[in-house]
Amino acid sequence: MIAVRDLTVRFGLGADVVTAVGGIGFDVRAGESFGIVGESGSGKSTVLRALAGLVDDWSGAVSVAGAPLPRRPDRAFRRRVQLVLQDPYASLHPRQTVDRILAEPLAVHGIPDADRRIVDALAAVGLDASFRFRYPHQLSGGQRQRVAVARALLLDPEILLLDEPTSALDVSVQAEVLNLLRKLRRERRMTFVLVSHNLAVVANMCDRVAVMTGGLIVEQLDAPRLAAGTVTHEYTSALLRASAGYDRSHGAHDAAMG
Amino acid sequence: MTAPGTPAILEVDDLRVAFPTRGGLVHAVRGVSFSVGREKVAIVGESGSGKSMTGRAIIGAVPRTGTVTAKRLAFDGMDLLALPPARRRALAGRRIAMVLQDPKFSLNPVMRVGEQIAEGFRVHGIARGAEARDRALAMLEAVRIRDPGRVYRAYPHELSGGMGQRAMIAMMLAPGPDLLIADEPTSALDVTVQAQVLAIIDDLVSRSGMGLIFISHDLDLVARFCDRVIVMLAGRIVESVAASDLRRVSHPYAQGLLRCVPRIDGGQGDLPTLSRDAIWRAEGSAP
Amino acid sequence: MGGWRAYLTTASPRSRRQAALQRAWLGWLTFRTNPAAMLGLGIVSALVLCAAAAPWLATHSPIEQDLVRRLAPPSAEHWLGTDELGRDIYSRIVYGARITLRIVALVAVIIGPIGLAIGCLAGTLGGAVDAVLMRLTDVFLAFPRLVLALALTAALGPGIENAVIAIGLTGWPPLARLARAETLTIRRSDFIAAARVIGASQLRIVAVHVVPLCLPSVIIRLTLDMAGVILIAAGLGFLGLGATPPSPEWGAMIATGRKFVLDQWWIAAMPGLAICAASLGFNLLGDGLRDVLDPKLR
Ligand SMILES: Nc1ncnc2c1ncn2[C@@H]1O[C@H](COP(=O)(O)OP(=O)(O)OP(=O)(O)O)[C@@H](O)[C@H]1O
Ligand SMILES: Nc1ncnc2c1ncn2[C@@H]1O[C@H](COP(=O)(O)OP(=O)(O)OP(=O)(O)O)[C@@H](O)[C@H]1O
Ligand SMILES: [Mg+2]
Ligand SMILES: [Mg+2]
């Protein structure tokens, strides 16, 4: 479904050039759920944005949904590939009500029956109908994140790219949203690429996982191996150790390493 | 309620935040009381339960439409609600700091990140000119940003989610506050960087005696990192325990929360969820 | 407490209209607390009222001459005195509000949309479009207003329309610059990225997502600009390039009063005061609107 070869993304000019993604490759089969974990600033979001056609300047060979990733994606592509952006505060238009935000994808693609779909989508992410005509600034962080997820689901995409979809959610709502996503994937045979810094979420949701640091994929492993902790790369094991719980010695360890 | 031996730096008694609505008021926070000494206090709870509003009420950043009332809201003996607005703003910049839940959103989009941090030093008269710049760079380095020079010159939209969060933390720690309210400050950080950033905050609490209110969804993390945990539901505190006792909480809601936490070796089945019990609803969860 | 108040303040509005009205209500509450802004609103409202109800407010005809009573000082009969042809100055000023307001409205209608459209397009599309549109803006910005107005009226003859065209041609570039600057920060934000992901076309992004965010600052700027427009219109009138003689244009009134400024001061001073008040009104109103509309100060 997704095949990435040698994807490179650079930002900036002159002395401040950043190689956000430095030539990575991976494959995601149809219906699979692929996880990306890694250090903060290692290029995870950039990979997802590139797959969603939001990055203008990239090199490499990328095919999405059986065709090369278009430089200027058309509407058909947009309908098949949806992205939930990382920051729930910034990704909702500040002057639009929840209703208006959710109506937008339906209007763009001329999908009928908007009213019912919006009500259903809100219910699916566990938001009461009373939120429908609120503005984003009247919502809590988790409530916004659920609106963002609902917006992506409205178009019923084949590929859903999720950038930390539950980072602002408490564990109970997180469990509900993850269960919903899992159910949708099963029912609609969606393909997921999920970025998260929470290894437990990734272990629960994903068949395979890529570990990134410094713009590179340093290790790919499947869920059972992640659960069992049989990893090879040093960074992955540091990650696993730190996930076992907060302990200030991890800080010291990594400082020495980096 | 404070841990024995530490004088309370913040006292909150019957804090309420309400937004006007049709049937009277919608209460985002409905009568919260706690105090914070020179220690790490965590607030956990359901999305929309009023955690952020509690923090915002303390620092005075509740949206205009909301009304804040309290029997007592005192910082270092001063009644915050009675303070003139100018004094309160000065206090909020210098002695009380809050890392907002939406860090990138709260940074100025057209000013370089480093300049914003350096500005913090200048405004509070801690350092000026080149020294402010150097200290800002040092701050960025302290929060484990790999390339502080570049990030200093970057605009907020050029940062990753976790970098934005760390920049915000650096900015808030700059004036050396007595009370830090951190609203999900590490939600976008991977666990290794998170550990490093928390270690810095930990040091400030143990060395300079800063008080910390740590709002988080990560129950495992707060159990290990904080001294006390307050569990909120629908604008109220339902339980307040020592962090080491978090596993033994008594309120059914808090117990339910703990069950929902996914585990690395938990397999791929559906996660347990909270059956949103009628009793909790009746207490009037968010509308 | 009235039902409408609850309707305007409930945290969970039930319809699109209610949500929008709530926003407006919140803005009004802020606006109301600013006395200067309320004064501005009062002046501008009075101006509109004068223009709308001129025939009823005026005590005399604005153009009818009465040479017997020429140059009469303010009195019970002629509240603000009469001019050199015996016309009632008060009535002329009341009718003059129509001309001033017409110029202001026409200019706003021309430069607002042009500035907004060019600025937002340039900012969102970027690249060559941006470069071309911004150079065009520079060209128009470089024209001195008064000289352009002189040239136009010289070519097309004096009249309000030509004055409006001249002011309009040179009035939009600052708005376009402002809209572009706003757009530059907006276009990088995540919600624009989200709109792209959904499949919205560039044009839709500009019209539906960017323009509503630029609109407040453009409206503020436009309102502040109107103060200047009133002065320029009066200036053109003074030079004899705006409204043609019998019409009670404030600038032209000052021009005729100039000859008598020492002995019959009221002929020039009264319209002068009107110009001052009107332009001050727009200025105060614009400042007040900034507090309400500017999202950064929210
Ligand atoms: N528009 C941009 N201009 C310049 N640099 C950018 C831009 N976007 C991202 N970067 C840089 O690219 C790198 C990777 O960013 P990215 O957002 O992909 O990280 P991430 O892995 O998602 O991190 P996090 O977990 O903190 O969200 C960072 O160093 C960031 O500063
Ligand atoms: N301006 C507002 N008008 C009306 N209701 C509001 C407003 N701001 C927040 N609320 C409501 O107040 C409640 C508490 O919000 P708050 O942001 O404190 O939640 P939270 O506990 O921080 O949740 P999260 O974990 O999702 O961030 C929410 O139900 C929210 O919808
Ligand atoms: Mg990211
Ligand atoms: Mg919150």
# chains A, B, ... in the order shown; residues from 1 in each chain; ligands from 1
>>> closest_atom_pairs(of="chain C", to="chain B", cutoff="10 Å", atoms="only C-alpha atoms", output="Markdown table")
| residue | atom | partner | partner_atom | distance |
| --- | --- | --- | --- | --- |
| C:Gly3 | CA | B:Arg22 | CA | 8.3 |
| C:Trp4 | CA | B:Arg22 | CA | 9.6 |
| C:Arg5 | CA | B:Arg22 | CA | 8.5 |
| C:Ala6 | CA | B:Arg22 | CA | 4.8 |
| C:Tyr7 | CA | B:Arg22 | CA | 6.5 |
| C:Leu8 | CA | B:Thr21 | CA | 8.4 |
| C:Thr9 | CA | B:Thr21 | CA | 5.4 |
| C:Thr10 | CA | B:Thr21 | CA | 3.2 |
| C:Ala11 | CA | B:Thr21 | CA | 5.2 |
| C:Ser12 | CA | B:Thr21 | CA | 7.5 |
| C:Pro13 | CA | B:Thr21 | CA | 9.1 |
| C:Leu26 | CA | B:Thr65 | CA | 8.0 |
| C:Thr30 | CA | B:Arg64 | CA | 9.5 |
| C:Leu184 | CA | B:Val110 | CA | 9.6 |
| C:Thr185 | CA | B:Pro109 | CA | 6.9 |
| C:Ile186 | CA | B:Pro109 | CA | 9.2 |
| C:Arg188 | CA | B:His157 | CA | 7.0 |
| C:Ser189 | CA | B:His157 | CA | 7.3 |
| C:Asp190 | CA | B:His157 | CA | 8.8 |
| C:Lys296 | CA | B:Asn108 | CA | 9.7 |
| C:Arg298 | CA | B:Arg64 | CA | 8.5 |
>>> interface_residues(of="chain A", to="chain C", cutoff="10 Å", atoms="only C-alpha atoms", output="ChimeraX atom specification")
/A:49,52-55,73-101,104-109,129-135,138,148,151-152,154-155
>>> write_last_selection(atoms="N, CA and C atoms", output="compact mmCIF listing (two decimals), in the first residue's frame")
# COMPACT_ATOMS: atom_id res chain seq x y z
N ARG A 49 3.84 13.89 7.03
CA ARG A 49 3.43 15.03 6.21
C ARG A 49 3.82 14.81 4.76
N ALA A 52 1.40 12.51 3.18
CA ALA A 52 0.11 13.14 2.97
C ALA A 52 0.18 14.22 1.90
N GLY A 53 1.36 14.40 1.28
CA GLY A 53 1.48 15.40 0.22
C GLY A 53 1.55 16.82 0.74
N LEU A 54 2.03 17.01 1.94
CA LEU A 54 2.12 18.36 2.49
C LEU A 54 3.53 18.94 2.38
N VAL A 55 4.48 18.10 2.05
CA VAL A 55 5.86 18.59 1.94
C VAL A 55 6.15 18.81 0.46
N PRO A 73 -1.03 16.69 -5.19
CA PRO A 73 -2.10 15.71 -5.03
C PRO A 73 -3.46 16.27 -5.44
N ASP A 74 -4.26 15.43 -6.09
CA ASP A 74 -5.61 15.86 -6.48
C ASP A 74 -6.61 15.44 -5.42
N ARG A 75 -7.87 15.75 -5.69
CA ARG A 75 -8.88 15.49 -4.68
C ARG A 75 -9.09 14.00 -4.43
N ALA A 76 -8.98 13.20 -5.50
CA ALA A 76 -9.18 11.76 -5.32
C ALA A 76 -8.14 11.21 -4.35
N PHE A 77 -6.90 11.69 -4.52
CA PHE A 77 -5.84 11.26 -3.61
C PHE A 77 -6.16 11.67 -2.17
N ARG A 78 -6.62 12.89 -2.02
CA ARG A 78 -6.93 13.40 -0.68
C ARG A 78 -7.98 12.54 0.00
N ARG A 79 -8.93 12.07 -0.80
CA ARG A 79 -10.00 11.29 -0.19
C ARG A 79 -9.48 9.95 0.31
N ARG A 80 -8.47 9.43 -0.36
CA ARG A 80 -7.97 8.11 0.02
C ARG A 80 -6.95 8.17 1.14
N VAL A 81 -6.29 9.30 1.28
CA VAL A 81 -5.23 9.41 2.29
C VAL A 81 -5.55 10.57 3.23
N GLN A 82 -5.74 10.29 4.47
CA GLN A 82 -6.03 11.34 5.43
C GLN A 82 -4.98 11.37 6.54
N LEU A 83 -4.77 12.56 7.07
CA LEU A 83 -3.76 12.74 8.11
C LEU A 83 -4.38 13.45 9.31
N VAL A 84 -4.11 12.94 10.48
CA VAL A 84 -4.47 13.67 11.70
C VAL A 84 -3.20 14.32 12.21
N LEU A 85 -3.18 15.66 12.22
CA LEU A 85 -1.96 16.38 12.57
C LEU A 85 -1.66 16.27 14.06
N GLN A 86 -0.40 16.54 14.38
CA GLN A 86 0.07 16.29 15.75
C GLN A 86 -0.57 17.21 16.78
N ASP A 87 -0.69 18.50 16.46
CA ASP A 87 -1.04 19.48 17.48
C ASP A 87 -2.54 19.79 17.43
N PRO A 88 -3.30 19.29 18.39
CA PRO A 88 -4.75 19.50 18.31
C PRO A 88 -5.13 20.96 18.49
N TYR A 89 -4.25 21.76 19.05
CA TYR A 89 -4.58 23.17 19.24
C TYR A 89 -4.44 23.94 17.95
N ALA A 90 -3.43 23.59 17.16
CA ALA A 90 -3.17 24.37 15.96
C ALA A 90 -3.93 23.86 14.75
N SER A 91 -4.46 22.63 14.81
CA SER A 91 -4.99 22.07 13.57
C SER A 91 -6.47 22.32 13.38
N LEU A 92 -7.10 23.06 14.29
CA LEU A 92 -8.49 23.44 14.07
C LEU A 92 -8.56 24.95 13.83
N HIS A 93 -9.34 25.34 12.82
CA HIS A 93 -9.46 26.75 12.47
C HIS A 93 -10.09 27.53 13.63
N PRO A 94 -9.41 28.58 14.11
CA PRO A 94 -9.89 29.25 15.32
C PRO A 94 -11.22 29.97 15.16
N ARG A 95 -11.61 30.29 13.94
CA ARG A 95 -12.85 31.04 13.75
C ARG A 95 -13.99 30.16 13.23
N GLN A 96 -13.82 28.85 13.24
CA GLN A 96 -14.88 27.98 12.75
C GLN A 96 -15.42 27.13 13.90
N THR A 97 -16.71 26.92 13.90
CA THR A 97 -17.27 26.03 14.91
C THR A 97 -16.93 24.58 14.56
N VAL A 98 -17.08 23.70 15.53
CA VAL A 98 -16.84 22.29 15.29
C VAL A 98 -17.67 21.82 14.09
N ASP A 99 -18.91 22.28 14.05
CA ASP A 99 -19.79 21.92 12.95
C ASP A 99 -19.20 22.32 11.61
N ARG A 100 -18.70 23.53 11.53
CA ARG A 100 -18.14 24.06 10.29
C ARG A 100 -16.88 23.28 9.92
N ILE A 101 -16.08 22.95 10.91
CA ILE A 101 -14.84 22.21 10.67
C ILE A 101 -15.16 20.84 10.09
N GLU A 104 -16.58 20.87 6.41
CA GLU A 104 -15.66 21.25 5.34
C GLU A 104 -15.27 20.07 4.42
N PRO A 105 -14.77 18.95 4.97
CA PRO A 105 -14.42 17.85 4.06
C PRO A 105 -15.62 17.36 3.26
N LEU A 106 -16.79 17.34 3.85
CA LEU A 106 -17.98 16.88 3.13
C LEU A 106 -18.31 17.85 2.00
N ALA A 107 -18.17 19.14 2.28
CA ALA A 107 -18.48 20.13 1.25
C ALA A 107 -17.47 20.05 0.11
N VAL A 108 -16.19 19.89 0.45
CA VAL A 108 -15.16 19.85 -0.58
C VAL A 108 -15.38 18.67 -1.53
N HIS A 109 -15.80 17.55 -0.97
CA HIS A 109 -15.96 16.36 -1.82
C HIS A 109 -17.41 16.14 -2.25
N ALA A 129 -23.38 15.80 21.48
CA ALA A 129 -23.86 16.69 20.41
C ALA A 129 -23.81 18.16 20.82
N SER A 130 -23.76 18.42 22.12
CA SER A 130 -23.75 19.82 22.57
C SER A 130 -22.45 20.52 22.19
N PHE A 131 -21.43 19.76 21.78
CA PHE A 131 -20.17 20.38 21.37
C PHE A 131 -20.22 20.88 19.94
N ARG A 132 -21.27 20.55 19.23
CA ARG A 132 -21.26 20.74 17.79
C ARG A 132 -21.09 22.20 17.38
N PHE A 133 -21.68 23.11 18.10
CA PHE A 133 -21.58 24.50 17.67
C PHE A 133 -20.65 25.32 18.55
N ARG A 134 -19.74 24.65 19.18
CA ARG A 134 -18.74 25.40 19.95
C ARG A 134 -17.55 25.75 19.07
N TYR A 135 -16.82 26.77 19.52
CA TYR A 135 -15.56 27.10 18.85
C TYR A 135 -14.44 26.32 19.52
N GLN A 138 -13.34 26.84 23.06
CA GLN A 138 -14.24 26.44 24.15
C GLN A 138 -14.11 24.96 24.48
N ALA A 148 -10.40 16.48 15.64
CA ALA A 148 -9.46 16.28 14.54
C ALA A 148 -9.54 14.85 14.00
N ARG A 151 -12.72 14.47 11.97
CA ARG A 151 -12.62 15.09 10.65
C ARG A 151 -11.97 14.14 9.64
N ALA A 152 -10.90 13.46 10.08
CA ALA A 152 -10.21 12.56 9.16
C ALA A 152 -11.10 11.36 8.82
N LEU A 154 -14.31 11.23 8.57
CA LEU A 154 -15.49 11.56 7.78
C LEU A 154 -15.33 11.20 6.31
N LEU A 155 -14.09 11.24 5.81
CA LEU A 155 -13.89 10.97 4.39
C LEU A 155 -13.70 9.48 4.12
>>> residues_near_ligand(ligand="ligand 4", cutoff="8 Å", atoms="only C-alpha atoms and all ligand atoms", output="MDAnalysis selection string")
(chainID A and resid 140:142 168) or (chainID B and resid 47:48 50:53 101 183:184 215)
>>> interface_residues(of="chain B", to="chain A", cutoff="8 Å", atoms="only C-alpha atoms", output="PyMOL selection string")
chain B and resi 45-48+52+101-102+104-105+150+159-163+184+187-193+195-196+198-199+217-218+220-221+224-225+257-258+260-274+287
>>> closest_residue(among="A:Ala103, A:Ala114, A:Ala65, A:Val195", to="ligand 3", atoms="only C-alpha atoms and all ligand atoms")
A:Val195
>>> residues_around(residues="C:Val48", least_positions_apart="6", cutoff="10 Å", atoms="only C-alpha atoms", output="ChimeraX atom specification")
/C:42,54,97-98,101
>>> atom_distance(atom1="atom CA of B:Gly66", atom2="atom CA of B:Arg16")
10.0 Å
>>> residues_around(residues="C:Val132", least_positions_apart="5", cutoff="12 Å", atoms="only C-alpha atoms", output="PyMOL selection string")
chain C and resi 118-119+121-123+125-127+137-139
>>> select_by_dssp(residues="stretch 65-268 of chain C", states="helix (DSSP H, G or I)", output="ChimeraX atom specification")
/C:67-69,89-125,127-142,145-156,160-187,190-198,202-238,250-260,266-268
>>> closest_residue(among="B:Asp134, B:Gly60, B:Gly114, B:Arg248", to="B:Gly164", atoms="only C-alpha atoms")
B:Gly114
>>> residues_around(residues="B:Asp76", least_positions_apart="2", cutoff="12 Å", atoms="only C-alpha atoms", output="PyMOL selection string")
chain B and resi 7-12+35-38+73-74+78-80+91+95-96+178-179+210-211
>>> write_last_selection(atoms="C-alpha atoms", output="PDB file, in the first residue's frame")
ATOM      1  CA  PRO B   7       4.914  25.450  54.299  1.00  0.00           C
ATOM      2  CA  ALA B   8       2.255  25.780  51.655  1.00  0.00           C
ATOM      3  CA  ILE B   9       3.232  28.124  48.833  1.00  0.00           C
ATOM      4  CA  LEU B  10      -0.169  27.879  47.208  1.00  0.00           C
ATOM      5  CA  GLU B  11      -3.468  27.433  48.992  1.00  0.00           C
ATOM      6  CA  VAL B  12      -6.626  26.788  47.059  1.00  0.00           C
ATOM      7  CA  SER B  35      -2.471  23.201  48.711  1.00  0.00           C
ATOM      8  CA  VAL B  36       0.998  22.914  47.315  1.00  0.00           C
ATOM      9  CA  GLY B  37       4.221  23.179  49.211  1.00  0.00           C
ATOM     10  CA  ARG B  38       7.708  22.849  47.830  1.00  0.00           C
ATOM     11  CA  LEU B  73      -6.676  31.462  46.475  1.00  0.00           C
ATOM     12  CA  ALA B  74      -3.422  32.459  48.065  1.00  0.00           C
ATOM     13  CA  MET B  78      -1.068  36.920  49.059  1.00  0.00           C
ATOM     14  CA  ASP B  79      -4.717  36.682  48.086  1.00  0.00           C
ATOM     15  CA  LEU B  80      -4.494  36.370  44.305  1.00  0.00           C
ATOM     16  CA  LEU B  91       3.522  37.891  39.708  1.00  0.00           C
ATOM     17  CA  ARG B  95       7.043  33.972  40.397  1.00  0.00           C
ATOM     18  CA  ILE B  96       4.327  31.748  38.991  1.00  0.00           C
ATOM     19  CA  ASP B 178       8.525  29.673  42.819  1.00  0.00           C
ATOM     20  CA  LEU B 179       5.572  27.786  41.446  1.00  0.00           C
ATOM     21  CA  MET B 210      10.074  25.303  43.595  1.00  0.00           C
ATOM     22  CA  GLY B 211       6.500  24.054  43.899  1.00  0.00           C
TER      23      GLY B 211
END
>>> select_by_dssp(residues="stretch 144-196 of chain B", states="strand (DSSP E)", output="ChimeraX atom specification")
/B:179-183
>>> write_last_selection(atoms="all heavy atoms", output="mmCIF file, in the first residue's frame")
data_model
loop_
_atom_site.group_PDB
_atom_site.id
_atom_site.type_symbol
_atom_site.label_atom_id
_atom_site.label_comp_id
_atom_site.auth_asym_id
_atom_site.auth_seq_id
_atom_site.Cartn_x
_atom_site.Cartn_y
_atom_site.Cartn_z
ATOM 1 N N LEU B 179 6.608 28.785 41.686
ATOM 2 C CA LEU B 179 5.572 27.786 41.446
ATOM 3 C C LEU B 179 5.473 27.568 39.946
ATOM 4 O O LEU B 179 5.322 28.521 39.183
ATOM 5 C CB LEU B 179 4.221 28.267 41.993
ATOM 6 C CG LEU B 179 3.027 27.346 41.712
ATOM 7 C CD1 LEU B 179 3.175 26.039 42.469
ATOM 8 C CD2 LEU B 179 1.719 28.027 42.072
ATOM 9 N N LEU B 180 5.584 26.323 39.535
ATOM 10 C CA LEU B 180 5.445 26.014 38.111
ATOM 11 C C LEU B 180 4.207 25.155 37.928
ATOM 12 O O LEU B 180 4.047 24.133 38.594
ATOM 13 C CB LEU B 180 6.681 25.268 37.595
ATOM 14 C CG LEU B 180 6.607 24.835 36.128
ATOM 15 C CD1 LEU B 180 6.651 26.051 35.207
ATOM 16 C CD2 LEU B 180 7.734 23.872 35.770
ATOM 17 N N ILE B 181 3.333 25.624 37.032
ATOM 18 C CA ILE B 181 2.176 24.808 36.669
ATOM 19 C C ILE B 181 2.474 24.266 35.285
ATOM 20 O O ILE B 181 2.642 25.034 34.338
ATOM 21 C CB ILE B 181 0.891 25.657 36.640
ATOM 22 C CG1 ILE B 181 0.691 26.349 37.993
ATOM 23 C CG2 ILE B 181 -0.308 24.784 36.309
ATOM 24 C CD1 ILE B 181 -0.340 27.450 37.950
ATOM 25 N N ALA B 182 2.591 22.971 35.179
ATOM 26 C CA ALA B 182 2.962 22.375 33.903
ATOM 27 C C ALA B 182 1.794 21.544 33.397
ATOM 28 O O ALA B 182 1.453 20.529 33.976
ATOM 29 C CB ALA B 182 4.209 21.515 34.063
ATOM 30 N N ASP B 183 1.158 22.024 32.310
ATOM 31 C CA ASP B 183 -0.022 21.355 31.772
ATOM 32 C C ASP B 183 0.408 20.415 30.657
ATOM 33 O O ASP B 183 0.653 20.846 29.541
ATOM 34 C CB ASP B 183 -1.012 22.408 31.266
ATOM 35 C CG ASP B 183 -2.387 21.819 31.014
ATOM 36 O OD1 ASP B 183 -2.539 20.591 31.117
ATOM 37 O OD2 ASP B 183 -3.315 22.597 30.712
#
>>> closest_residue(among="B:Gln165, B:Leu100, B:Arg146, B:Val231", to="ligand 3", atoms="only C-alpha atoms and all ligand atoms")
B:Gln165
>>> residues_around(residues="stretch 256-271 of chain C", least_positions_apart="4", cutoff="7 Å", atoms="only C-alpha atoms", output="MDAnalysis selection string")
chainID C and resid 71 81 83 93 250 252 275
>>> residues_around(residues="C:Asp66", least_positions_apart="3", cutoff="12 Å", atoms="only C-alpha atoms", output="JSON, numbers by chain")
{"C": [60, 61, 62, 63, 69, 70, 71, 72, 78, 82, 83, 84, 85, 86, 87, 88]}
